[in-house]
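Text of protein_21.cif, listed as mmCIF, C-alpha atoms:
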```cif
data_upload
loop_
_atom_site.label_atom_id
_atom_site.label_comp_id
_atom_site.auth_asym_id
_atom_site.auth_seq_id
_atom_site.Cartn_x
_atom_site.Cartn_y
_atom_site.Cartn_z
CA MET S 12 -217.75 -3.49 146.49
CA THR S 13 -214.34 -2.22 147.60
CA ALA S 14 -212.56 0.78 146.18
CA THR S 15 -210.46 -1.45 143.95
CA ASP S 16 -213.60 -2.92 142.36
CA VAL S 17 -214.80 0.45 141.05
CA PRO S 18 -213.79 0.66 137.39
CA VAL S 19 -211.43 3.51 136.60
CA ASP S 20 -213.32 6.26 134.79
CA ASN S 21 -211.57 9.45 133.72
CA GLY S 22 -214.14 10.07 130.98
CA VAL S 23 -211.81 8.97 128.20
CA ASN S 24 -212.95 6.29 125.76
CA VAL S 25 -209.64 4.47 125.42
CA GLU S 26 -211.18 1.57 123.47
CA ALA S 27 -212.33 4.01 120.77
CA LEU S 28 -208.87 5.60 120.61
CA LEU S 29 -207.13 2.25 120.33
CA GLY S 30 -209.66 1.26 117.65
CA ALA S 31 -208.94 4.50 115.78
CA ARG S 32 -205.23 3.81 116.01
CA ASP S 33 -205.67 0.39 114.42
CA ALA S 34 -208.05 1.72 111.77
CA LEU S 35 -205.75 4.61 110.81
CA THR S 36 -202.70 2.34 110.71
CA ALA S 37 -204.59 0.31 108.10
CA ALA S 38 -205.89 3.39 106.24
CA PRO S 39 -203.29 6.16 106.73
CA ASP S 40 -204.95 8.59 104.30
CA ALA S 41 -207.83 8.99 106.77
CA ALA S 42 -205.30 10.23 109.35
CA LYS S 43 -204.62 13.42 107.38
CA PHE S 44 -206.30 16.26 109.24
CA ASP S 45 -206.52 19.99 108.55
CA TRP S 46 -207.30 22.22 111.51
CA ARG S 47 -208.48 25.75 110.73
CA ALA S 48 -209.22 29.16 112.12
CA THR S 49 -210.45 32.33 110.47
CA CYS S 50 -209.46 35.71 111.78
CA GLU S 51 -211.08 39.09 111.30
CA TRP S 52 -209.32 42.29 112.36
CA GLN S 53 -211.48 44.54 114.57
CA ASN S 54 -209.42 47.61 115.47
CA GLY S 55 -205.93 48.27 116.73
CA THR S 56 -204.42 45.02 117.96
CA HIS S 57 -207.86 43.46 118.53
CA SER S 58 -208.93 40.56 116.28
CA SER S 59 -211.72 38.01 116.45
CA SER S 60 -211.14 34.43 115.34
CA THR S 61 -213.50 31.54 114.87
CA VAL S 62 -212.99 27.80 114.79
CA GLU S 63 -215.66 25.50 113.42
CA GLY S 64 -214.87 23.26 110.44
CA PHE S 65 -211.96 20.91 109.99
CA PHE S 66 -211.02 18.07 107.69
CA GLY S 67 -210.32 14.53 108.79
CA LEU S 68 -211.21 10.87 108.23
CA GLY S 69 -211.37 11.73 104.53
CA GLU S 70 -214.12 14.33 104.74
CA GLU S 71 -215.21 17.72 106.05
CA GLN S 72 -216.03 17.71 109.76
CA ARG S 73 -217.61 20.29 112.07
CA HIS S 74 -217.33 21.02 115.75
CA ARG S 75 -220.56 20.70 117.73
CA THR S 76 -220.68 24.50 117.70
CA ARG S 77 -218.67 27.47 116.48
CA TYR S 78 -216.00 28.67 118.91
CA SER S 79 -215.09 32.37 118.93
CA PHE S 80 -212.02 34.02 120.40
CA ASP S 81 -210.81 37.57 120.84
CA THR S 82 -207.12 38.37 120.87
CA ASP S 83 -205.68 41.73 121.87
CA HIS S 84 -202.78 43.34 123.68
CA PRO S 85 -203.03 44.62 127.26
CA GLU S 86 -203.49 48.22 128.34
CA ILE S 87 -199.82 48.61 129.31
CA PHE S 88 -199.07 48.21 125.59
CA ALA S 89 -201.49 51.08 124.88
CA SER S 90 -204.12 48.60 123.65
CA ALA S 91 -207.73 48.06 124.73
CA ASP S 92 -207.28 44.55 126.24
CA ASN S 93 -210.31 43.12 124.48
CA GLY S 94 -208.96 39.58 124.81
CA ALA S 95 -206.06 37.46 125.95
CA THR S 96 -202.80 38.00 124.13
CA PRO S 97 -201.86 35.68 121.25
CA VAL S 98 -199.02 34.16 123.29
CA GLU S 99 -201.40 33.36 126.14
CA TYR S 100 -203.49 31.38 123.62
CA VAL S 101 -200.41 29.29 122.92
CA LEU S 102 -200.04 28.60 126.66
CA VAL S 103 -203.72 27.63 126.91
CA GLY S 104 -203.26 25.26 123.98
CA LEU S 105 -200.23 23.65 125.60
CA ALA S 106 -201.98 23.27 128.97
CA GLY S 107 -205.09 21.79 127.36
CA CYS S 108 -203.09 19.38 125.21
CA LEU S 109 -200.90 18.04 128.00
CA THR S 110 -203.85 17.74 130.38
CA ALA S 111 -205.98 15.81 127.87
CA GLY S 112 -203.00 13.53 127.42
CA VAL S 113 -202.66 12.97 131.17
CA ALA S 114 -206.33 11.90 131.31
CA ALA S 115 -206.03 9.59 128.30
CA VAL S 116 -202.82 7.95 129.51
CA ALA S 117 -204.24 7.57 133.03
CA GLN S 118 -207.32 5.83 131.62
CA ASN S 119 -205.16 3.49 129.55
CA ARG S 120 -203.05 2.68 132.64
CA GLU S 121 -206.17 2.29 134.84
CA ILE S 122 -205.23 5.14 137.13
CA GLN S 123 -208.18 7.06 138.56
CA LEU S 124 -207.63 10.83 138.49
CA ARG S 125 -209.32 13.02 141.07
CA ARG S 126 -207.87 16.41 140.26
CA VAL S 127 -205.38 17.65 137.69
CA SER S 128 -204.34 21.28 137.66
CA ALA S 129 -201.48 23.00 135.96
CA THR S 130 -199.86 26.38 136.03
CA ILE S 131 -198.00 27.40 132.93
CA GLU S 132 -195.65 30.30 132.52
CA GLY S 133 -193.82 31.57 129.46
CA SER S 134 -191.06 34.12 129.88
CA MET S 135 -190.34 36.69 127.21
CA ASP S 136 -188.13 39.70 126.71
CA VAL S 137 -190.46 42.10 124.91
CA ARG S 138 -187.55 44.02 123.41
CA GLY S 139 -187.80 41.34 120.69
CA ILE S 140 -191.32 42.13 119.49
CA LEU S 141 -190.72 45.87 119.93
CA GLY S 142 -187.69 45.66 117.66
CA ALA S 143 -185.47 47.22 120.34
CA ASP S 144 -182.77 44.55 120.06
CA THR S 145 -182.58 42.17 117.11
CA ASP S 146 -180.56 39.70 119.20
CA VAL S 147 -183.60 39.16 121.43
CA ARG S 148 -186.05 36.60 120.08
CA ASN S 149 -189.71 37.52 119.63
CA GLY S 150 -191.09 34.39 121.26
CA PHE S 151 -190.72 32.81 124.67
CA ASP S 152 -187.26 32.28 126.20
CA GLY S 153 -188.74 29.19 127.78
CA ILE S 154 -191.94 27.75 129.19
CA LYS S 155 -192.46 26.07 132.54
CA VAL S 156 -195.45 23.84 133.25
CA THR S 157 -196.12 22.67 136.80
CA TYR S 158 -198.67 19.91 137.44
CA ASP S 159 -200.51 19.24 140.66
CA ILE S 160 -202.21 15.85 140.37
CA ASP S 161 -204.35 13.96 142.84
CA ALA S 162 -204.78 10.36 141.64
CA ASP S 163 -204.83 6.75 142.81
CA ALA S 164 -201.18 6.29 141.94
CA THR S 165 -197.69 6.64 143.35
CA PRO S 166 -195.67 9.83 142.73
CA ALA S 167 -193.52 7.86 140.27
CA GLU S 168 -196.60 6.66 138.35
CA ILE S 169 -197.94 10.22 138.24
CA LYS S 170 -194.63 11.51 136.87
CA ALA S 171 -194.70 8.77 134.25
CA LEU S 172 -198.23 9.83 133.20
CA VAL S 173 -197.06 13.37 132.57
CA ALA S 174 -193.95 12.19 130.72
CA GLN S 175 -196.01 9.97 128.42
CA SER S 176 -198.45 12.82 127.77
CA GLN S 177 -195.53 15.05 126.66
CA LYS S 178 -194.36 12.30 124.33
CA ARG S 179 -197.66 12.28 122.41
CA SER S 180 -198.68 15.93 122.71
CA ALA S 181 -199.28 17.86 119.50
CA VAL S 182 -198.80 21.31 121.06
CA TYR S 183 -195.70 20.27 123.02
CA ASP S 184 -194.22 19.14 119.69
CA ILE S 185 -195.29 22.38 117.94
CA ILE S 186 -193.57 24.51 120.58
CA THR S 187 -190.41 22.47 121.10
CA ASN S 188 -189.73 21.79 117.41
CA PRO S 189 -189.77 24.03 114.34
CA THR S 190 -192.78 24.02 112.02
CA ASP S 191 -192.90 25.60 108.59
CA VAL S 192 -195.37 28.51 108.36
CA ARG S 193 -196.20 29.87 104.91
CA VAL S 194 -197.87 33.29 104.86
CA GLU S 195 -199.49 34.56 101.66
CA VAL S 196 -201.51 37.57 100.64
CA ARG S 197 -204.42 36.92 98.31
CA MET B 4 -210.81 68.02 103.36
CA THR B 5 -209.75 65.46 100.78
CA ALA B 6 -209.25 61.80 101.47
CA THR B 7 -205.51 62.30 101.81
CA ASP B 8 -206.06 64.81 104.62
CA VAL B 9 -207.77 62.28 106.87
CA PRO B 10 -205.17 61.05 109.36
CA VAL B 11 -204.51 57.33 109.19
CA ASP B 12 -206.14 55.62 112.16
CA ASN B 13 -205.95 51.87 112.59
CA GLY B 14 -206.50 52.17 116.34
CA VAL B 15 -202.86 51.51 117.16
CA ASN B 16 -200.99 53.97 119.35
CA VAL B 17 -197.66 53.84 117.53
CA GLU B 18 -196.22 56.75 119.53
CA ALA B 19 -196.72 54.80 122.76
CA LEU B 20 -195.10 51.71 121.25
CA LEU B 21 -192.10 53.66 119.99
CA GLY B 22 -191.86 55.32 123.42
CA ALA B 23 -191.95 51.90 125.09
CA ARG B 24 -189.23 50.69 122.76
CA ASP B 25 -186.98 53.60 123.76
CA ALA B 26 -187.78 53.21 127.46
CA LEU B 27 -187.13 49.45 127.45
CA THR B 28 -183.90 49.89 125.51
CA ALA B 29 -182.75 52.13 128.35
CA ALA B 30 -184.13 49.83 131.09
CA PRO B 31 -183.99 46.27 129.71
CA ASP B 32 -185.01 44.62 133.03
CA ALA B 33 -188.49 46.09 132.63
CA ALA B 34 -188.79 44.20 129.32
CA LYS B 35 -188.84 40.83 131.08
CA PHE B 36 -192.39 39.52 130.93
CA ASP B 37 -194.01 36.34 132.21
CA TRP B 38 -197.26 35.29 130.57
CA ARG B 39 -199.37 32.74 132.40
CA ALA B 40 -202.32 30.41 132.22
CA THR B 41 -203.81 28.06 134.77
CA CYS B 42 -205.53 24.88 133.68
CA GLU B 43 -208.03 22.70 135.52
CA TRP B 44 -209.00 19.29 134.19
CA GLN B 45 -212.76 18.79 133.92
CA ASN B 46 -213.40 15.29 132.56
CA GLY B 47 -212.05 13.19 129.72
CA THR B 48 -210.10 15.42 127.35
CA HIS B 49 -211.94 18.55 128.52
CA SER B 50 -210.03 21.20 130.48
CA SER B 51 -210.74 24.79 131.45
CA SER B 52 -207.99 27.37 131.47
CA THR B 53 -207.90 30.94 132.68
CA VAL B 54 -205.66 33.88 131.87
CA GLU B 55 -205.58 36.94 134.08
CA GLY B 56 -202.32 37.97 135.74
CA PHE B 57 -198.95 38.47 134.15
CA PHE B 58 -195.66 40.06 135.07
CA GLY B 59 -194.02 42.93 133.22
CA LEU B 60 -192.51 46.40 133.58
CA GLY B 61 -191.02 45.14 136.84
CA GLU B 62 -194.30 44.32 138.58
CA GLU B 63 -197.42 42.17 138.64
CA GLN B 64 -200.00 43.20 136.05
CA ARG B 65 -203.58 42.14 135.39
CA HIS B 66 -205.78 41.97 132.35
CA ARG B 67 -208.88 44.14 132.42
CA THR B 68 -210.82 40.97 133.13
CA ARG B 69 -210.25 37.23 133.51
CA TYR B 70 -210.37 35.28 130.26
CA SER B 71 -211.59 31.66 130.33
CA PHE B 72 -211.13 28.98 127.72
CA ASP B 73 -212.30 25.41 127.26
CA THR B 74 -210.22 22.91 125.36
CA ASP B 75 -211.44 19.50 124.30
CA HIS B 76 -211.28 16.98 121.48
CA PRO B 77 -214.03 16.58 118.88
CA GLU B 78 -216.71 13.91 118.81
CA ILE B 79 -214.95 11.91 116.06
CA PHE B 80 -212.21 11.28 118.66
CA ALA B 81 -214.88 9.91 121.03
CA SER B 82 -214.77 13.15 123.08
CA ALA B 83 -217.52 15.55 124.07
CA ASP B 84 -216.31 18.58 122.02
CA ASN B 85 -216.69 21.01 124.89
CA GLY B 86 -214.21 23.42 123.33
CA ALA B 87 -211.82 23.98 120.47
CA THR B 88 -208.87 21.60 120.26
CA PRO B 89 -205.54 22.67 121.74
CA VAL B 90 -203.96 22.89 118.27
CA GLU B 91 -206.73 25.22 117.10
CA TYR B 92 -205.81 27.53 120.00
CA VAL B 93 -202.30 27.70 118.56
CA LEU B 94 -203.75 28.68 115.17
CA VAL B 95 -205.90 31.38 116.81
CA GLY B 96 -202.81 32.70 118.60
CA LEU B 97 -200.85 32.85 115.36
CA ALA B 98 -203.68 34.58 113.48
CA GLY B 99 -204.18 37.12 116.27
CA CYS B 100 -200.47 37.84 116.55
CA LEU B 101 -199.83 38.36 112.84
CA THR B 102 -202.99 40.46 112.44
CA ALA B 103 -202.12 42.74 115.37
CA GLY B 104 -198.73 43.15 113.74
CA VAL B 105 -200.25 44.07 110.39
CA ALA B 106 -202.30 46.81 112.10
CA ALA B 107 -199.31 48.15 114.03
CA VAL B 108 -196.98 48.18 111.03
CA ALA B 109 -199.68 49.77 108.85
CA GLN B 110 -200.15 52.53 111.41
CA ASN B 111 -196.40 53.13 111.54
CA ARG B 112 -196.26 53.28 107.72
CA GLU B 113 -199.37 55.49 107.57
CA ILE B 114 -201.40 52.97 105.62
CA GLN B 115 -205.12 53.03 106.37
CA LEU B 116 -206.55 49.53 106.73
CA ARG B 117 -210.18 48.90 105.88
CA ARG B 118 -210.44 45.16 106.29
CA VAL B 119 -207.97 42.46 107.26
CA SER B 120 -209.03 38.85 107.30
CA ALA B 121 -207.02 35.70 107.41
CA THR B 122 -207.63 32.01 107.02
CA ILE B 123 -205.19 29.72 108.71
CA GLU B 124 -204.80 26.01 108.23
CA GLY B 125 -202.53 23.53 109.96
CA SER B 126 -202.16 20.06 108.50
CA MET B 127 -201.48 17.08 110.72
CA ASP B 128 -201.21 13.33 110.42
CA VAL B 129 -202.99 12.15 113.57
CA ARG B 130 -201.15 8.83 113.51
CA GLY B 131 -198.50 10.76 115.47
CA ILE B 132 -200.63 11.67 118.49
CA LEU B 133 -202.31 8.25 118.40
CA GLY B 134 -198.91 6.55 118.60
CA ALA B 135 -199.64 4.56 115.42
CA ASP B 136 -196.34 5.46 113.75
CA THR B 137 -193.43 6.93 115.69
CA ASP B 138 -191.98 8.37 112.46
CA VAL B 139 -194.99 10.69 112.21
CA ARG B 140 -194.64 13.89 114.23
CA ASN B 141 -197.33 14.85 116.76
CA GLY B 142 -197.60 18.47 115.68
CA PHE B 143 -198.43 20.18 112.40
CA ASP B 144 -196.67 19.16 109.17
CA GLY B 145 -197.01 22.78 108.18
CA ILE B 146 -199.22 25.82 108.54
CA LYS B 147 -200.57 28.06 105.80
CA VAL B 148 -201.88 31.55 106.49
CA THR B 149 -203.70 33.47 103.75
CA TYR B 150 -204.42 37.17 104.16
CA ASP B 151 -207.07 39.17 102.41
CA ILE B 152 -206.40 42.86 103.03
CA ASP B 153 -208.25 45.94 101.86
CA ALA B 154 -206.12 49.02 102.51
CA ASP B 155 -205.02 52.31 101.02
CA ALA B 156 -201.85 50.77 99.64
CA THR B 157 -200.42 48.98 96.63
CA PRO B 158 -200.30 45.17 96.56
CA ALA B 159 -196.52 45.38 97.10
CA GLU B 160 -196.97 47.63 100.15
CA ILE B 161 -199.57 45.23 101.56
CA LYS B 162 -197.22 42.27 101.07
CA ALA B 163 -194.47 44.21 102.84
CA LEU B 164 -196.82 44.90 105.79
CA VAL B 165 -197.43 41.20 106.24
CA ALA B 166 -193.75 40.36 105.87
CA GLN B 167 -192.79 42.91 108.53
CA SER B 168 -195.47 41.56 110.87
CA GLN B 169 -193.99 38.04 110.54
CA LYS B 170 -190.58 39.44 111.37
CA ARG B 171 -191.74 40.78 114.76
CA SER B 172 -194.41 38.20 115.65
CA ALA B 173 -194.01 36.33 118.93
CA VAL B 174 -196.24 33.40 117.94
CA TYR B 175 -194.69 33.08 114.47
CA ASP B 176 -191.33 32.78 116.22
CA ILE B 177 -192.69 30.26 118.76
CA ILE B 178 -194.04 28.01 115.98
CA THR B 179 -191.17 28.28 113.50
CA ASN B 180 -188.36 27.93 116.06
CA PRO B 181 -187.82 25.54 118.97
CA THR B 182 -188.59 26.67 122.53
CA ASP B 183 -187.56 24.83 125.66
CA VAL B 184 -190.55 23.54 127.67
CA ARG B 185 -189.91 22.21 131.17
CA VAL B 186 -192.71 20.13 132.68
CA GLU B 187 -192.69 19.32 136.39
CA VAL B 188 -194.97 17.57 138.82
CA ARG B 189 -195.38 19.19 142.23
#
```
I'd like the structure from this file rewritten - as structure tokens, please.
Amino acid sequence: MTATDVPVDNGVNVEALLGARDALTAAPDAAKFDWRATCEWQNGTHSSSTVEGFFGLGEEQRHRTRYSFDTDHPEIFASADNGATPVEYVLVGLAGCLTAGVAAVAQNREIQLRRVSATIEGSMDVRGILGADTDVRNGFDGIKVTYDIDADATPAEIKALVAQSQKRSAVYDIITNPTDVRVEVR
Amino acid sequence: MTATDVPVDNGVNVEALLGARDALTAAPDAAKFDWRATCEWQNGTHSSSTVEGFFGLGEEQRHRTRYSFDTDHPEIFASADNGATPVEYVLVGLAGCLTAGVAAVAQNREIQLRRVSATIEGSMDVRGILGADTDVRNGFDGIKVTYDIDADATPAEIKALVAQSQKRSAVYDIITNPTDVRVEVR
């Protein structure tokens, strides 16, 4: 058996995803998902959030287990640093989303991945969140993601993988386009 | 000592924050922060990310400890569910950001908080990410955050706390407004 005979396996079940795409095209109501988190304030800027249930395919779903997360501000903001900052969670979400997409697209294109790593950096002028200058935005000025990918593919094919992942990434869309957020008090 | 004599303590050092605001107004270069994450693909849609160093106040900074996060897709997407989904990380970031803001604003307004909890829900038509319908966006259609707050304040004061937190929230800004994301391959 030569290297080219080994089937490409990035651990992504592309057949199932293509099947889901066909099924949801035929039954679009099942494609309506609700993703959820609950958050409980601890003290100061420290909160604990959990993720477990979600809605999709027409019914309540559950993760395999409950995921818990602590968010806080760092010590240089006079906080206790009991968790990553909320904006770092957004970066983690973006990195995870784009990287899952790279693996899925690579599987679909029969490109074997060996290593995919990314560094992600969001720049921010904190005078925004501190209210020091209302012309400064609260969020990131911009985000830069740099991929380092070792795969059985040409540099051009690897670039195309990453570009296609961006095109279908939920978090990339959330960050680059506006989304309506409604906040209510019960 | 009556109840009104007890100093309000939500665990937020407002004096330090107001001092930082003055200092950074005088020295705006120190307000330039870079927040970072690194991501390593594991298998399939599963990645592991870490958050530790960041840049701010003119120099390299570090969290008290390294924070690690796993992102994955759930089993109904034919994945192993080794972590919360990337979009749930965005919800956790938003919840943590708004809740930290509620605590900080309450401290500044001398409102004692007893309990702050939030549920957060993002709705999504997954035909977008599956590429089933290019008219369907990849990200959330919308996000709804519902606060339940027990505090020494009137309902109107509590609503105003939440509104002020939205106004200064980094993640609220990131989600409701577009941010440029540059993705490169090394």
Check your understanding: Taking the file as shown, what set of residues would the PyMOL selection byres ((chain S and resi 70-74) around 9) give back, as a list of chain:residue names?
Key ->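 What the PyMOL selection byres ((chain S and resi 70-74) around 9) grabs from the file is S:Ala41, S:Val62, S:Glu63, S:Gly64, S:Phe65, S:Phe66, S:Gly67, S:Leu68, S:Gly69, S:Arg75, S:Thr76, S:Arg77, S:Tyr78, B:Pro77, B:Glu78, B:Ile79, B:Asp84, B:Gly86, B:Ala87.
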Exercise for review: Can you pull out every residue within 10 Å of S:Gln123, counting only C-alpha atoms, but drop anything in the same chain fewer than 4 positions away, and send it as a list of chain:residue names?
Suggested key: S:Val17, S:Pro18, S:Val19, S:Asp20, S:Asn21, S:Ala114, S:Ala117, S:Gln118, S:Asp161, S:Ala162, S:Asp163, S:Ala164
Check your understanding: For this file, the PyMOL selection byres ((chain S and resi 93) around 7) selects which residues, as a VMD selection string?
Key -> chain S and resid 57 81 to 83 91 to 92 94
**Study point:** For S:Thr157: contacts at 6 Å, only C-alpha atoms, fewer than 3 positions along chain excluded, given as a list in words
**Key:**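 The filter keeps Ala129 and Thr130 of chain S; Val186, Glu187 and Val188 of chain B.
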Those same residues, written as a PDB file, in the coordinates of the input with C-alpha atoms?
```pdb
ATOM      1  CA  ALA S 129    -201.480  23.000 135.960  1.00  0.00           C
ATOM      2  CA  THR S 130    -199.860  26.380 136.030  1.00  0.00           C
TER       3      THR S 130
ATOM      4  CA  VAL B 186    -192.710  20.130 132.680  1.00  0.00           C
ATOM      5  CA  GLU B 187    -192.690  19.320 136.390  1.00  0.00           C
ATOM      6  CA  VAL B 188    -194.970  17.570 138.820  1.00  0.00           C
TER       7      VAL B 188
END
```
Exercise for review: Kindly resolve the PyMOL selection byres ((chain B and resi 19-23) around 10) on the present coordinates and return the residues as a ChimeraX atom specification.
Suggested key: /S:87-90,137-138,141-143 /B:15-18,24-29,34,107,111
Exercise for review: Calculate how many Å separate atom CA of B:Arg171 from atom CA of S:Val147, rounding to one decimal.
Suggested key: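 Going from atom CA of B:Arg171 over to atom CA of S:Val147, I get 10.6 Å.
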**Study point:** Length of the atom CA of S:Tyr100 to atom CA of B:Arg39 vector [Å]
**Key:**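 Distance reported for this atom pair: 9.8 Å.
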Exercise for review: Using atom CA of B:Val108 and atom CA of B:Tyr175 as the two end points, give the distance in Å to one decimal.
Suggested key: 15.7 Å
Point to revise | S:Glu121, S:Cys50, S:Lys178, S:Val113 ranked by distance to chain B, top pick (using all atoms listed in the file) | key: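 Checking each of S:Glu121, S:Cys50, S:Lys178, S:Val113 against chain B, counting all atoms listed in the file, the winner is S:Cys50.
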Check your understanding: Excluding same-chain residues fewer than 4 positions from S:Glu132, what lies within 6 Å of it counting all atoms listed in the file, as an MDAnalysis selection string?
Key -> (chainID S and resid 154:155) or (chainID B and resid 38:39)
Exercise for review: Please work out which residues fall within 7 Å of (-197.5, 24.3, 120.5), coordinates as given in the file, with all atoms listed in the file counting, and return them as a list in words.
Suggested key: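 Result, sorted by chain then residue number: Val101, Gly104, Leu105, Ala181, Val182, Tyr183, Asp184, Ile185 and Ile186 of chain S; Val90, Val93 and Ile178 of chain B.
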Point to revise | Using all atoms listed in the file: which of B:Arg117, B:Arg112, B:Arg185, B:His76 has the shortest distance to chain S | key: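 Looking at the shortest contact to chain S, the residue is B:Arg185.
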Non-local contacts of B:Glu43 (8 Å; only C-alpha atoms; under 3 positions in same chain excluded) as a CSV table (one decimal) with C-alpha atoms, in the coordinates of the input:
```
chain,number,residue,atom,x,y,z
S,126,ARG,CA,-207.9,16.4,140.3
S,127,VAL,CA,-205.4,17.6,137.7
S,128,SER,CA,-204.3,21.3,137.7
S,129,ALA,CA,-201.5,23.0,136.0
B,50,SER,CA,-210.0,21.2,130.5
B,51,SER,CA,-210.7,24.8,131.4
B,52,SER,CA,-208.0,27.4,131.5
```
Review point. Taking only C-alpha atoms into account, which of B:Ile132, B:Leu116, B:Met127, B:Val184 comes nearest B:Thr157?
Key: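 For B:Thr157, the nearest of the given residues is B:Leu116.
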